[in-house]
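Heads up: the structure comes next, in structure tokens.
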Amino acid sequence: MDSISIKVLFFGKARDLVGVGQKDVDILHSNLKANEFLEIIISKFPRLEEIKSSTKLSLNEEYVEMNDVLSLKSGDEIAVIPPISGG
Amino acid sequence: MDSISIKVLFFGKARDLVGVGQKDVDILHSNLKANEFLEIIISKFPRLEEIKSSTKLSLNEEYVEMNDVLSLKSGDEIAVIPPISGG
Amino acid sequence: MTDYLEITTRKLDLEEITQLVNLPECGAISVFIGTTRNNMNGKLVKRLEYEAYNNMAIKEMKKICDQIRLKWSDIRNIAIFHRIGEVQVQQSSIIIAISSPHRKDSLEAVDYCINEFKRTVPIWKKEWYDDSTYVWKENCECIHHEKKISTN
Amino acid sequence: MTDYLEITTRKLDLEEITQLVNLPECGAISVFIGTTRNNMNGKLVKRLEYEAYNNMAIKEMKKICDQIRLKWSDIRNIAIFHRIGEVQVQQSSIIIAISSPHRKDSLEAVDYCINEFKRTVPIWKKEWYDDSTYVWKENCECIHHEKKISTN
């Protein structure tokens, strides 16, 4: 099947490690677990390994669990969310 | 013994019932219970009977219990304090 | 670590009162504001009138502050301002502001403060309705009613 | 009954935010203010820098409001304002104001609100020290750490 293009956002320490706040990433499978998606991202931006264990993801502005199976389509937005510290 | 003069203050509904906010009251005994003092005040201002059961007294700006024995001297200040409603 | 305690006929200034407790070592300020409500049990409230036994009220407020500082050792500044005279609908009758390095202390202290205030501070509220009648209110938690409960 | 939710680069105005929740039928407004503290574990803090995932942050704030209204049915207006960009020492990064007819509801709701905010809302704080180093902070109660605890 065709690859699909996911808009990936990086915040806080993740943005420090990646060097940019946003990247379009092409992937080959539209159904995969969140932790599999994170592995794909880390393979492209290896310094994210440092925060891998404490990072969460969101899909289209909703938190997902690492074991969730994501059903992705082009244009979807996934954010790499390090531990939050607002308030 | 000489009588002593106590400054008695009336607040809230007590002031409504008495018609004034302050009265000097002469009493004959310098040691008496707070509830005895209240009875003396009520004998002078009978409309206070209406709030007798819910009223507290203070001596020199400190709450006292009705069973407390008060040791009074001329110039002492006693307030008739109906239930409070600040805040 | 200062207590700012005031009973005033002037309109209460939230910004001014809050700045009294804003210290560089604090990350949290908790504030409680009591305002005049426009209704009470179905009756339309036109305004409130407050009177205070000023000196004793300040003393009782100081006692509350001392209790707070014993219970929460990290509390920094405390401000308690109560207005007397007429207080119109939506205007403030009381503002309590308390600061601490971390939020839990100031949040808990403000809760404690307003509850203790309503229990012990000799201030009275006359509630005026739109039919030009009035009632002297009673805090259900004031020490007067406490006594009755404890002797039953 | 309105939720006022904002993420802004402007300085937060306490009076303005509080007036958003001041309604004639309410007798109580509870407010929490988070400010920039000048020290952290012995290091001197020069300033904080906040960034937000704006759209998701607003969504998560809205969820908190919905939860609050489920838990406390008498809550009227809720205002949650968070500042992003630089926040100097003693300036406010967050102001939460909540109104209700009686105080217990707004006091409890503000407590819940700031705790939930720190748990779920995607906003990040960079803490700058006077040696020109910085650290990205982590709320100890954020959902990230929650997960670790629950799986141990």
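We label chains A, B, ... in the order they appear in the structure tokens, count residues from 1 in each chain, and number ligands from 1 in the order shown.
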Near range 138-143 of chain C, counting only C-alpha atoms, which residues have an atom at most 8 Å away, once you skip same-chain residues fewer than 6 positions from it, shown as a ChimeraX atom specification?
/B:83-86 /C:115,118-120,124-125
Please determine the contact residues of chain D with respect to chain A at a cut-off of 9 Å, counting only C-alpha atoms, and supply them as a PyMOL selection string.
chain D and resi 33-34+50-53+55-57+59-60+82+93-95+114-115+117-126+135-140+142-145+148
N, CA, C and O atoms of the current selection, written as a compact mmCIF listing (two decimals), in the first residue's frame:
```
# COMPACT_ATOMS: atom_id res chain seq x y z
N ILE D 33 -3.55 30.96 42.16
CA ILE D 33 -2.55 31.65 41.33
C ILE D 33 -1.21 30.96 41.49
O ILE D 33 -0.69 30.85 42.60
N GLY D 34 -0.67 30.46 40.38
CA GLY D 34 0.67 29.90 40.39
C GLY D 34 1.65 30.96 39.92
O GLY D 34 1.44 31.56 38.86
N TYR D 50 7.54 29.01 29.41
CA TYR D 50 6.52 27.99 29.18
C TYR D 50 6.25 27.84 27.68
O TYR D 50 6.26 28.83 26.94
N GLU D 51 5.98 26.58 27.29
CA GLU D 51 5.43 26.35 25.95
C GLU D 51 4.25 25.40 26.07
O GLU D 51 4.16 24.63 27.03
N ALA D 52 3.36 25.48 25.08
CA ALA D 52 2.15 24.67 25.15
C ALA D 52 1.84 24.03 23.81
O ALA D 52 2.20 24.57 22.76
N TYR D 53 1.19 22.89 23.86
CA TYR D 53 0.54 22.29 22.68
C TYR D 53 -0.88 22.88 22.73
O TYR D 53 -1.79 22.26 23.29
N ASN D 55 -3.75 23.68 21.11
CA ASN D 55 -5.08 23.13 20.85
C ASN D 55 -5.41 21.98 21.79
O ASN D 55 -6.52 21.87 22.31
N MET D 56 -4.42 21.11 22.00
CA MET D 56 -4.67 19.97 22.90
C MET D 56 -4.80 20.44 24.34
O MET D 56 -5.61 19.90 25.11
N ALA D 57 -4.03 21.46 24.70
CA ALA D 57 -4.11 21.99 26.06
C ALA D 57 -5.53 22.52 26.34
O ALA D 57 -6.12 22.23 27.38
N LYS D 59 -8.25 21.60 24.85
CA LYS D 59 -9.13 20.43 24.94
C LYS D 59 -9.08 19.78 26.31
O LYS D 59 -10.10 19.39 26.87
N GLU D 60 -7.86 19.61 26.82
CA GLU D 60 -7.72 18.95 28.13
C GLU D 60 -8.28 19.84 29.24
O GLU D 60 -8.85 19.33 30.22
N HIS D 82 -3.59 30.34 31.35
CA HIS D 82 -2.18 29.98 31.50
C HIS D 82 -1.34 30.84 30.57
O HIS D 82 -1.68 31.03 29.41
N SER D 93 1.90 32.48 36.30
CA SER D 93 1.86 31.61 35.13
C SER D 93 0.46 31.03 34.92
O SER D 93 0.07 30.74 33.80
N ILE D 94 -0.27 30.83 36.00
CA ILE D 94 -1.64 30.31 35.88
C ILE D 94 -2.55 31.01 36.89
O ILE D 94 -2.14 31.28 38.02
N ILE D 95 -3.77 31.30 36.44
CA ILE D 95 -4.82 31.76 37.33
C ILE D 95 -6.08 30.94 37.05
O ILE D 95 -6.52 30.83 35.92
N ILE D 114 -6.56 22.54 39.75
CA ILE D 114 -5.11 22.70 39.61
C ILE D 114 -4.41 21.34 39.63
O ILE D 114 -3.46 21.12 38.89
N ASN D 115 -4.93 20.41 40.43
CA ASN D 115 -4.33 19.07 40.46
C ASN D 115 -4.49 18.35 39.12
O ASN D 115 -3.54 17.75 38.61
N PHE D 117 -5.06 19.79 36.25
CA PHE D 117 -4.30 20.55 35.24
C PHE D 117 -2.86 20.05 35.20
O PHE D 117 -2.30 19.78 34.13
N LYS D 118 -2.27 19.93 36.38
CA LYS D 118 -0.87 19.49 36.44
C LYS D 118 -0.70 18.04 36.01
O LYS D 118 0.41 17.61 35.69
N ARG D 119 -1.79 17.29 36.01
CA ARG D 119 -1.74 15.89 35.62
C ARG D 119 -1.82 15.70 34.12
O ARG D 119 -1.15 14.84 33.56
N THR D 120 -2.64 16.53 33.44
CA THR D 120 -2.97 16.21 32.05
C THR D 120 -2.70 17.28 30.98
O THR D 120 -2.63 16.95 29.81
N VAL D 121 -2.59 18.55 31.35
CA VAL D 121 -2.57 19.58 30.31
C VAL D 121 -1.16 19.74 29.72
O VAL D 121 -0.21 20.04 30.46
N PRO D 122 -1.03 19.56 28.41
CA PRO D 122 0.31 19.56 27.78
C PRO D 122 0.92 20.94 27.66
O PRO D 122 0.83 21.62 26.63
N ILE D 123 1.54 21.34 28.75
CA ILE D 123 2.30 22.58 28.84
C ILE D 123 3.61 22.24 29.53
O ILE D 123 3.63 21.43 30.47
N TRP D 124 4.71 22.87 29.05
CA TRP D 124 6.03 22.52 29.58
C TRP D 124 6.75 23.75 30.09
O TRP D 124 6.65 24.84 29.52
N LYS D 125 7.48 23.54 31.18
CA LYS D 125 8.18 24.64 31.86
C LYS D 125 9.69 24.42 31.78
O LYS D 125 10.20 23.38 32.19
N LYS D 126 10.35 25.46 31.27
CA LYS D 126 11.82 25.45 31.27
C LYS D 126 12.26 26.42 32.35
O LYS D 126 11.86 27.59 32.35
N VAL D 135 16.68 23.69 33.02
CA VAL D 135 16.16 22.33 33.15
C VAL D 135 14.70 22.34 32.70
O VAL D 135 13.96 23.28 33.00
N TRP D 136 14.33 21.29 31.93
CA TRP D 136 12.89 21.09 31.67
C TRP D 136 12.30 20.40 32.90
O TRP D 136 12.74 19.31 33.28
N LYS D 137 11.29 21.00 33.50
CA LYS D 137 10.69 20.45 34.70
C LYS D 137 9.68 19.36 34.37
O LYS D 137 9.21 19.25 33.22
N GLU D 138 9.32 18.58 35.37
CA GLU D 138 8.28 17.56 35.22
C GLU D 138 7.39 17.63 36.45
O GLU D 138 7.89 17.59 37.57
N ASN D 139 6.05 17.75 36.23
CA ASN D 139 5.14 17.67 37.37
C ASN D 139 5.18 16.25 37.92
O ASN D 139 4.97 15.29 37.17
N CYS D 140 5.43 16.12 39.22
CA CYS D 140 5.53 14.78 39.79
C CYS D 140 4.20 14.03 39.66
O CYS D 140 4.16 12.82 39.64
N CYS D 142 2.12 14.24 36.99
CA CYS D 142 1.64 14.15 35.62
C CYS D 142 1.37 12.70 35.23
O CYS D 142 1.90 11.76 35.82
N ILE D 143 0.53 12.53 34.22
CA ILE D 143 0.09 11.19 33.84
C ILE D 143 1.25 10.30 33.41
O ILE D 143 1.17 9.09 33.48
N HIS D 144 2.35 10.91 32.98
CA HIS D 144 3.51 10.12 32.56
C HIS D 144 4.02 9.26 33.72
O HIS D 144 4.32 8.09 33.56
N HIS D 145 4.12 9.88 34.86
CA HIS D 145 4.66 9.16 36.02
C HIS D 145 3.63 8.25 36.63
O HIS D 145 3.94 7.22 37.21
N LYS D 148 3.92 4.79 35.15
CA LYS D 148 5.00 3.97 35.70
C LYS D 148 4.58 3.36 37.03
O LYS D 148 4.82 2.19 37.28
```
Mind fitting chain B to chain A by least squares on all Cα atoms in order and giving back the moved coordinates as an mmCIF file with N, CA and C atoms, in the first residue's frame?
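So the final result, stored in superposed33.cif, reads:
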```cif
data_model
loop_
_atom_site.group_PDB
_atom_site.id
_atom_site.type_symbol
_atom_site.label_atom_id
_atom_site.label_comp_id
_atom_site.auth_asym_id
_atom_site.auth_seq_id
_atom_site.Cartn_x
_atom_site.Cartn_y
_atom_site.Cartn_z
ATOM 1 N N MET B 1 0.813 -1.202 -0.073
ATOM 2 C CA MET B 1 -0.022 0.017 -0.012
ATOM 3 C C MET B 1 0.863 1.255 -0.015
ATOM 4 N N ASP B 2 0.257 2.369 -0.385
ATOM 5 C CA ASP B 2 0.979 3.626 -0.378
ATOM 6 C C ASP B 2 1.395 4.009 1.043
ATOM 7 N N SER B 3 2.502 4.724 1.108
ATOM 8 C CA SER B 3 2.864 5.267 2.422
ATOM 9 C C SER B 3 1.890 6.384 2.776
ATOM 10 N N ILE B 4 1.805 6.671 4.073
ATOM 11 C CA ILE B 4 0.988 7.809 4.493
ATOM 12 C C ILE B 4 1.878 8.795 5.250
ATOM 13 N N SER B 5 1.469 10.056 5.188
ATOM 14 C CA SER B 5 2.272 11.109 5.772
ATOM 15 C C SER B 5 1.661 11.596 7.087
ATOM 16 N N ILE B 6 2.434 11.466 8.152
ATOM 17 C CA ILE B 6 1.990 11.872 9.482
ATOM 18 C C ILE B 6 2.757 13.119 9.898
ATOM 19 N N LYS B 7 2.019 14.107 10.393
ATOM 20 C CA LYS B 7 2.641 15.311 10.929
ATOM 21 C C LYS B 7 3.031 15.014 12.374
ATOM 22 N N VAL B 8 4.340 15.053 12.663
ATOM 23 C CA VAL B 8 4.804 14.754 14.020
ATOM 24 C C VAL B 8 5.282 16.042 14.679
ATOM 25 N N LEU B 9 4.755 16.289 15.890
ATOM 26 C CA LEU B 9 5.128 17.484 16.655
ATOM 27 C C LEU B 9 6.027 17.093 17.821
ATOM 28 N N PHE B 10 6.982 17.957 18.144
ATOM 29 C CA PHE B 10 7.892 17.729 19.269
ATOM 30 C C PHE B 10 7.814 18.909 20.225
ATOM 31 N N PHE B 11 7.676 18.610 21.501
ATOM 32 C CA PHE B 11 7.565 19.675 22.498
ATOM 33 C C PHE B 11 8.635 19.525 23.577
ATOM 34 N N GLY B 12 8.898 20.611 24.291
ATOM 35 C CA GLY B 12 9.777 20.605 25.442
ATOM 36 C C GLY B 12 11.124 19.989 25.146
ATOM 37 N N LYS B 13 11.492 19.036 25.980
ATOM 38 C CA LYS B 13 12.790 18.394 25.826
ATOM 39 C C LYS B 13 12.882 17.619 24.523
ATOM 40 N N ALA B 14 11.748 17.090 24.054
ATOM 41 C CA ALA B 14 11.748 16.382 22.772
ATOM 42 C C ALA B 14 12.181 17.322 21.656
ATOM 43 N N ARG B 15 11.702 18.544 21.701
ATOM 44 C CA ARG B 15 12.067 19.510 20.661
ATOM 45 C C ARG B 15 13.543 19.866 20.758
ATOM 46 N N ASP B 16 14.041 19.999 21.999
ATOM 47 C CA ASP B 16 15.474 20.218 22.199
ATOM 48 C C ASP B 16 16.290 19.106 21.537
ATOM 49 N N LEU B 17 15.864 17.862 21.760
ATOM 50 C CA LEU B 17 16.629 16.710 21.292
ATOM 51 C C LEU B 17 16.565 16.551 19.775
ATOM 52 N N VAL B 18 15.404 16.877 19.195
ATOM 53 C CA VAL B 18 15.220 16.693 17.752
ATOM 54 C C VAL B 18 15.760 17.898 16.980
ATOM 55 N N GLY B 19 15.652 19.072 17.587
ATOM 56 C CA GLY B 19 16.143 20.288 16.939
ATOM 57 C C GLY B 19 15.083 21.050 16.181
ATOM 58 N N VAL B 20 13.930 20.434 15.983
ATOM 59 C CA VAL B 20 12.810 21.121 15.336
ATOM 60 C C VAL B 20 11.522 20.779 16.073
ATOM 61 N N GLY B 21 10.491 21.585 15.836
ATOM 62 C CA GLY B 21 9.221 21.361 16.517
ATOM 63 C C GLY B 21 8.246 20.514 15.719
ATOM 64 N N GLN B 22 8.571 20.294 14.460
ATOM 65 C CA GLN B 22 7.596 19.583 13.621
ATOM 66 C C GLN B 22 8.324 18.884 12.463
ATOM 67 N N LYS B 23 7.795 17.720 12.093
ATOM 68 C CA LYS B 23 8.383 16.968 10.983
ATOM 69 C C LYS B 23 7.297 16.117 10.343
ATOM 70 N N ASP B 24 7.237 16.107 9.022
ATOM 71 C CA ASP B 24 6.347 15.150 8.352
ATOM 72 C C ASP B 24 7.088 13.826 8.210
ATOM 73 N N VAL B 25 6.435 12.766 8.599
ATOM 74 C CA VAL B 25 7.055 11.441 8.581
ATOM 75 C C VAL B 25 6.191 10.505 7.747
ATOM 76 N N ASP B 26 6.812 9.826 6.796
ATOM 77 C CA ASP B 26 6.086 8.843 5.975
ATOM 78 C C ASP B 26 6.188 7.477 6.621
ATOM 79 N N ILE B 27 5.069 6.788 6.733
ATOM 80 C CA ILE B 27 5.087 5.427 7.231
ATOM 81 C C ILE B 27 4.321 4.510 6.266
ATOM 82 N N LEU B 28 4.603 3.212 6.401
ATOM 83 C CA LEU B 28 4.065 2.262 5.423
ATOM 84 C C LEU B 28 2.788 1.586 5.885
ATOM 85 N N HIS B 29 2.534 1.567 7.200
ATOM 86 C CA HIS B 29 1.374 0.844 7.723
ATOM 87 C C HIS B 29 0.415 1.815 8.405
ATOM 88 N N SER B 30 -0.859 1.695 8.064
ATOM 89 C CA SER B 30 -1.829 2.607 8.688
ATOM 90 C C SER B 30 -2.334 2.088 10.023
ATOM 91 N N ASN B 31 -2.054 0.822 10.358
ATOM 92 C CA ASN B 31 -2.437 0.291 11.664
ATOM 93 C C ASN B 31 -1.199 -0.227 12.370
ATOM 94 N N LEU B 32 -0.861 0.415 13.449
ATOM 95 C CA LEU B 32 0.261 -0.069 14.241
ATOM 96 C C LEU B 32 0.103 0.444 15.660
ATOM 97 N N LYS B 33 0.788 -0.192 16.597
ATOM 98 C CA LYS B 33 0.697 0.252 17.990
ATOM 99 C C LYS B 33 1.444 1.562 18.181
ATOM 100 N N ALA B 34 1.030 2.300 19.194
ATOM 101 C CA ALA B 34 1.688 3.577 19.485
ATOM 102 C C ALA B 34 3.166 3.369 19.792
ATOM 103 N N ASN B 35 3.503 2.301 20.517
ATOM 104 C CA ASN B 35 4.922 2.130 20.845
ATOM 105 C C ASN B 35 5.732 1.750 19.601
ATOM 106 N N GLU B 36 5.078 1.136 18.618
ATOM 107 C CA GLU B 36 5.762 0.853 17.354
ATOM 108 C C GLU B 36 6.018 2.144 16.592
ATOM 109 N N PHE B 37 5.030 3.046 16.632
ATOM 110 C CA PHE B 37 5.202 4.339 15.983
ATOM 111 C C PHE B 37 6.354 5.102 16.639
ATOM 112 N N LEU B 38 6.415 5.047 17.952
ATOM 113 C CA LEU B 38 7.488 5.749 18.665
ATOM 114 C C LEU B 38 8.856 5.192 18.248
ATOM 115 N N GLU B 39 8.922 3.867 18.090
ATOM 116 C CA GLU B 39 10.192 3.263 17.661
ATOM 117 C C GLU B 39 10.610 3.796 16.291
ATOM 118 N N ILE B 40 9.636 3.962 15.395
ATOM 119 C CA ILE B 40 9.926 4.521 14.070
ATOM 120 C C ILE B 40 10.501 5.930 14.200
ATOM 121 N N ILE B 41 9.863 6.725 15.068
ATOM 122 C CA ILE B 41 10.324 8.103 15.277
ATOM 123 C C ILE B 41 11.736 8.109 15.859
ATOM 124 N N ILE B 42 11.976 7.217 16.833
ATOM 125 C CA ILE B 42 13.291 7.179 17.472
ATOM 126 C C ILE B 42 14.362 6.749 16.476
ATOM 127 N N SER B 43 13.985 5.846 15.537
ATOM 128 C CA SER B 43 14.980 5.436 14.529
ATOM 129 C C SER B 43 15.385 6.617 13.651
ATOM 130 N N LYS B 44 14.464 7.566 13.474
ATOM 131 C CA LYS B 44 14.779 8.763 12.690
ATOM 132 C C LYS B 44 15.480 9.826 13.526
ATOM 133 N N PHE B 45 15.183 9.865 14.808
ATOM 134 C CA PHE B 45 15.756 10.887 15.707
ATOM 135 C C PHE B 45 16.303 10.174 16.949
ATOM 136 N N PRO B 46 17.479 9.575 16.840
ATOM 137 C CA PRO B 46 17.974 8.667 17.896
ATOM 138 C C PRO B 46 18.134 9.309 19.270
ATOM 139 N N ARG B 47 18.329 10.618 19.331
ATOM 140 C CA ARG B 47 18.504 11.256 20.648
ATOM 141 C C ARG B 47 17.232 11.161 21.497
ATOM 142 N N LEU B 48 16.095 10.888 20.845
ATOM 143 C CA LEU B 48 14.844 10.735 21.602
ATOM 144 C C LEU B 48 14.866 9.502 22.493
ATOM 145 N N GLU B 49 15.812 8.600 22.246
ATOM 146 C CA GLU B 49 15.943 7.417 23.104
ATOM 147 C C GLU B 49 16.011 7.827 24.569
ATOM 148 N N GLU B 50 16.648 8.991 24.793
ATOM 149 C CA GLU B 50 16.866 9.487 26.152
ATOM 150 C C GLU B 50 15.567 9.675 26.942
ATOM 151 N N ILE B 51 14.491 10.037 26.262
ATOM 152 C CA ILE B 51 13.234 10.288 26.976
ATOM 153 C C ILE B 51 12.172 9.253 26.620
ATOM 154 N N LYS B 52 12.582 8.182 25.973
ATOM 155 C CA LYS B 52 11.618 7.185 25.483
ATOM 156 C C LYS B 52 10.705 6.661 26.589
ATOM 157 N N SER B 53 11.300 6.353 27.739
ATOM 158 C CA SER B 53 10.507 5.666 28.768
ATOM 159 C C SER B 53 9.499 6.581 29.463
ATOM 160 N N SER B 54 9.697 7.887 29.360
ATOM 161 C CA SER B 54 8.763 8.791 30.046
ATOM 162 C C SER B 54 7.885 9.573 29.085
ATOM 163 N N THR B 55 8.000 9.274 27.805
ATOM 164 C CA THR B 55 7.244 10.017 26.800
ATOM 165 C C THR B 55 5.867 9.414 26.574
ATOM 166 N N LYS B 56 4.895 10.272 26.318
ATOM 167 C CA LYS B 56 3.576 9.831 25.866
ATOM 168 C C LYS B 56 3.366 10.369 24.445
ATOM 169 N N LEU B 57 2.424 9.780 23.774
ATOM 170 C CA LEU B 57 2.047 10.271 22.443
ATOM 171 C C LEU B 57 0.594 10.729 22.472
ATOM 172 N N SER B 58 0.275 11.643 21.562
ATOM 173 C CA SER B 58 -1.132 11.960 21.319
ATOM 174 C C SER B 58 -1.407 11.795 19.831
ATOM 175 N N LEU B 59 -2.634 11.433 19.498
ATOM 176 C CA LEU B 59 -3.082 11.338 18.119
ATOM 177 C C LEU B 59 -4.217 12.338 17.944
ATOM 178 N N ASN B 60 -3.996 13.278 17.023
ATOM 179 C CA ASN B 60 -5.015 14.315 16.787
ATOM 180 C C ASN B 60 -5.512 14.937 18.093
ATOM 181 N N GLU B 61 -4.520 15.307 18.923
ATOM 182 C CA GLU B 61 -4.780 16.072 20.144
ATOM 183 C C GLU B 61 -5.453 15.267 21.253
ATOM 184 N N GLU B 62 -5.384 13.937 21.189
ATOM 185 C CA GLU B 62 -5.898 13.070 22.252
ATOM 186 C C GLU B 62 -4.778 12.139 22.693
ATOM 187 N N TYR B 63 -4.562 12.061 24.021
ATOM 188 C CA TYR B 63 -3.574 11.112 24.523
ATOM 189 C C TYR B 63 -3.914 9.701 24.049
ATOM 190 N N VAL B 64 -2.879 8.921 23.745
ATOM 191 C CA VAL B 64 -3.063 7.493 23.487
ATOM 192 C C VAL B 64 -2.144 6.723 24.431
ATOM 193 N N GLU B 65 -2.509 5.471 24.697
ATOM 194 C CA GLU B 65 -1.661 4.579 25.484
ATOM 195 C C GLU B 65 -0.689 3.880 24.546
ATOM 196 N N MET B 66 0.468 3.481 25.063
ATOM 197 C CA MET B 66 1.493 2.864 24.207
ATOM 198 C C MET B 66 1.021 1.547 23.583
ATOM 199 N N ASN B 67 0.120 0.873 24.262
ATOM 200 C CA ASN B 67 -0.383 -0.385 23.693
ATOM 201 C C ASN B 67 -1.565 -0.199 22.754
ATOM 202 N N ASP B 68 -2.040 1.052 22.620
ATOM 203 C CA ASP B 68 -3.156 1.283 21.698
ATOM 204 C C ASP B 68 -2.721 1.011 20.262
ATOM 205 N N VAL B 69 -3.629 0.395 19.482
ATOM 206 C CA VAL B 69 -3.411 0.282 18.033
ATOM 207 C C VAL B 69 -3.965 1.559 17.398
ATOM 208 N N LEU B 70 -3.115 2.237 16.651
ATOM 209 C CA LEU B 70 -3.516 3.482 16.018
ATOM 210 C C LEU B 70 -3.986 3.198 14.603
ATOM 211 N N SER B 71 -5.090 3.827 14.219
ATOM 212 C CA SER B 71 -5.587 3.710 12.857
ATOM 213 C C SER B 71 -5.301 5.051 12.179
ATOM 214 N N LEU B 72 -4.232 5.085 11.384
ATOM 215 C CA LEU B 72 -3.722 6.352 10.879
ATOM 216 C C LEU B 72 -4.130 6.612 9.447
ATOM 217 N N LYS B 73 -4.219 7.913 9.142
ATOM 218 C CA LYS B 73 -4.443 8.319 7.755
ATOM 219 C C LYS B 73 -3.580 9.547 7.495
ATOM 220 N N SER B 74 -3.294 9.780 6.221
ATOM 221 C CA SER B 74 -2.475 10.944 5.887
ATOM 222 C C SER B 74 -3.077 12.218 6.459
ATOM 223 N N GLY B 75 -2.205 13.046 7.010
ATOM 224 C CA GLY B 75 -2.655 14.304 7.597
ATOM 225 C C GLY B 75 -2.889 14.212 9.091
ATOM 226 N N ASP B 76 -2.904 12.970 9.635
ATOM 227 C CA ASP B 76 -3.039 12.842 11.086
ATOM 228 C C ASP B 76 -1.856 13.510 11.785
ATOM 229 N N GLU B 77 -2.105 13.963 13.010
ATOM 230 C CA GLU B 77 -1.083 14.662 13.781
ATOM 231 C C GLU B 77 -0.757 13.847 15.015
ATOM 232 N N ILE B 78 0.503 13.511 15.196
ATOM 233 C CA ILE B 78 0.949 12.817 16.407
ATOM 234 C C ILE B 78 1.968 13.709 17.108
ATOM 235 N N ALA B 79 1.783 13.877 18.410
ATOM 236 C CA ALA B 79 2.722 14.692 19.183
ATOM 237 C C ALA B 79 3.532 13.796 20.102
ATOM 238 N N VAL B 80 4.820 14.079 20.199
ATOM 239 C CA VAL B 80 5.703 13.428 21.169
ATOM 240 C C VAL B 80 5.697 14.307 22.426
ATOM 241 N N ILE B 81 5.122 13.754 23.499
ATOM 242 C CA ILE B 81 4.819 14.566 24.677
ATOM 243 C C ILE B 81 5.657 14.112 25.877
ATOM 244 N N PRO B 82 6.715 14.865 26.213
ATOM 245 C CA PRO B 82 7.471 14.527 27.417
ATOM 246 C C PRO B 82 6.647 14.866 28.650
ATOM 247 N N PRO B 83 7.097 14.477 29.840
ATOM 248 C CA PRO B 83 6.356 14.805 31.055
ATOM 249 C C PRO B 83 6.027 16.288 31.135
ATOM 250 N N ILE B 84 4.799 16.605 31.505
ATOM 251 C CA ILE B 84 4.318 17.986 31.470
ATOM 252 C C ILE B 84 4.657 18.713 32.762
ATOM 253 N N SER B 85 4.680 20.042 32.708
ATOM 254 C CA SER B 85 5.064 20.838 33.870
ATOM 255 C C SER B 85 4.362 22.184 33.903
ATOM 256 N N GLY B 86 3.150 22.239 33.342
ATOM 257 C CA GLY B 86 2.396 23.471 33.433
ATOM 258 C C GLY B 86 1.731 23.623 34.776
ATOM 259 N N GLY B 87 1.019 24.722 34.970
ATOM 260 C CA GLY B 87 0.257 24.987 36.168
ATOM 261 C C GLY B 87 0.980 25.781 37.219
#
```
Distance table requested - chain C against chain D, cut-off 6 Å, only C-alpha atoms: one row per qualifying residue with the closest atom pair and its distance in Å to one decimal, ordered by chain and rising residue number, as JSON lines.
```
{"residue": "C:Pro24", "atom": "CA", "partner": "D:Gln90", "partner_atom": "CA", "distance": 5.4}
{"residue": "C:Glu25", "atom": "CA", "partner": "D:Arg37", "partner_atom": "CA", "distance": 5.1}
{"residue": "C:Cys26", "atom": "CA", "partner": "D:Arg37", "partner_atom": "CA", "distance": 5.3}
{"residue": "C:Gly27", "atom": "CA", "partner": "D:Thr35", "partner_atom": "CA", "distance": 4.6}
{"residue": "C:Ala28", "atom": "CA", "partner": "D:Gly34", "partner_atom": "CA", "distance": 4.8}
{"residue": "C:Ile29", "atom": "CA", "partner": "D:Ile33", "partner_atom": "CA", "distance": 5.1}
{"residue": "C:Ser30", "atom": "CA", "partner": "D:Phe32", "partner_atom": "CA", "distance": 4.7}
{"residue": "C:Val31", "atom": "CA", "partner": "D:Val31", "partner_atom": "CA", "distance": 4.9}
{"residue": "C:Phe32", "atom": "CA", "partner": "D:Ser30", "partner_atom": "CA", "distance": 4.7}
{"residue": "C:Ile33", "atom": "CA", "partner": "D:Ile29", "partner_atom": "CA", "distance": 5.1}
{"residue": "C:Gly34", "atom": "CA", "partner": "D:Ala28", "partner_atom": "CA", "distance": 4.8}
{"residue": "C:Thr35", "atom": "CA", "partner": "D:Gly27", "partner_atom": "CA", "distance": 4.6}
{"residue": "C:Thr36", "atom": "CA", "partner": "D:Gly27", "partner_atom": "CA", "distance": 5.6}
{"residue": "C:Arg37", "atom": "CA", "partner": "D:Gly27", "partner_atom": "CA", "distance": 4.9}
{"residue": "C:Asn38", "atom": "CA", "partner": "D:Pro24", "partner_atom": "CA", "distance": 5.4}
{"residue": "C:Gln90", "atom": "CA", "partner": "D:Pro24", "partner_atom": "CA", "distance": 5.4}
```
Can you tell me, as JSON, numbers by chain, which residues in chain B count as strand (DSSP E) by DSSP?
{"B": [4, 5, 6, 7, 8, 9, 10, 22, 23, 24, 25, 26, 27, 31, 32, 33, 56, 57, 58, 59, 62, 63, 64, 69, 70, 71, 77, 78, 79, 80, 81]}
From a DSSP calculation on the backbone, collect every residue of chain B in helix (DSSP H, G or I) and output the set as a ChimeraX atom specification.
/B:12-18,34-44,46-54
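Here CA of Arg47 in chain D stands at a distance of 8.8 Å from CA of Asp130 in chain D.
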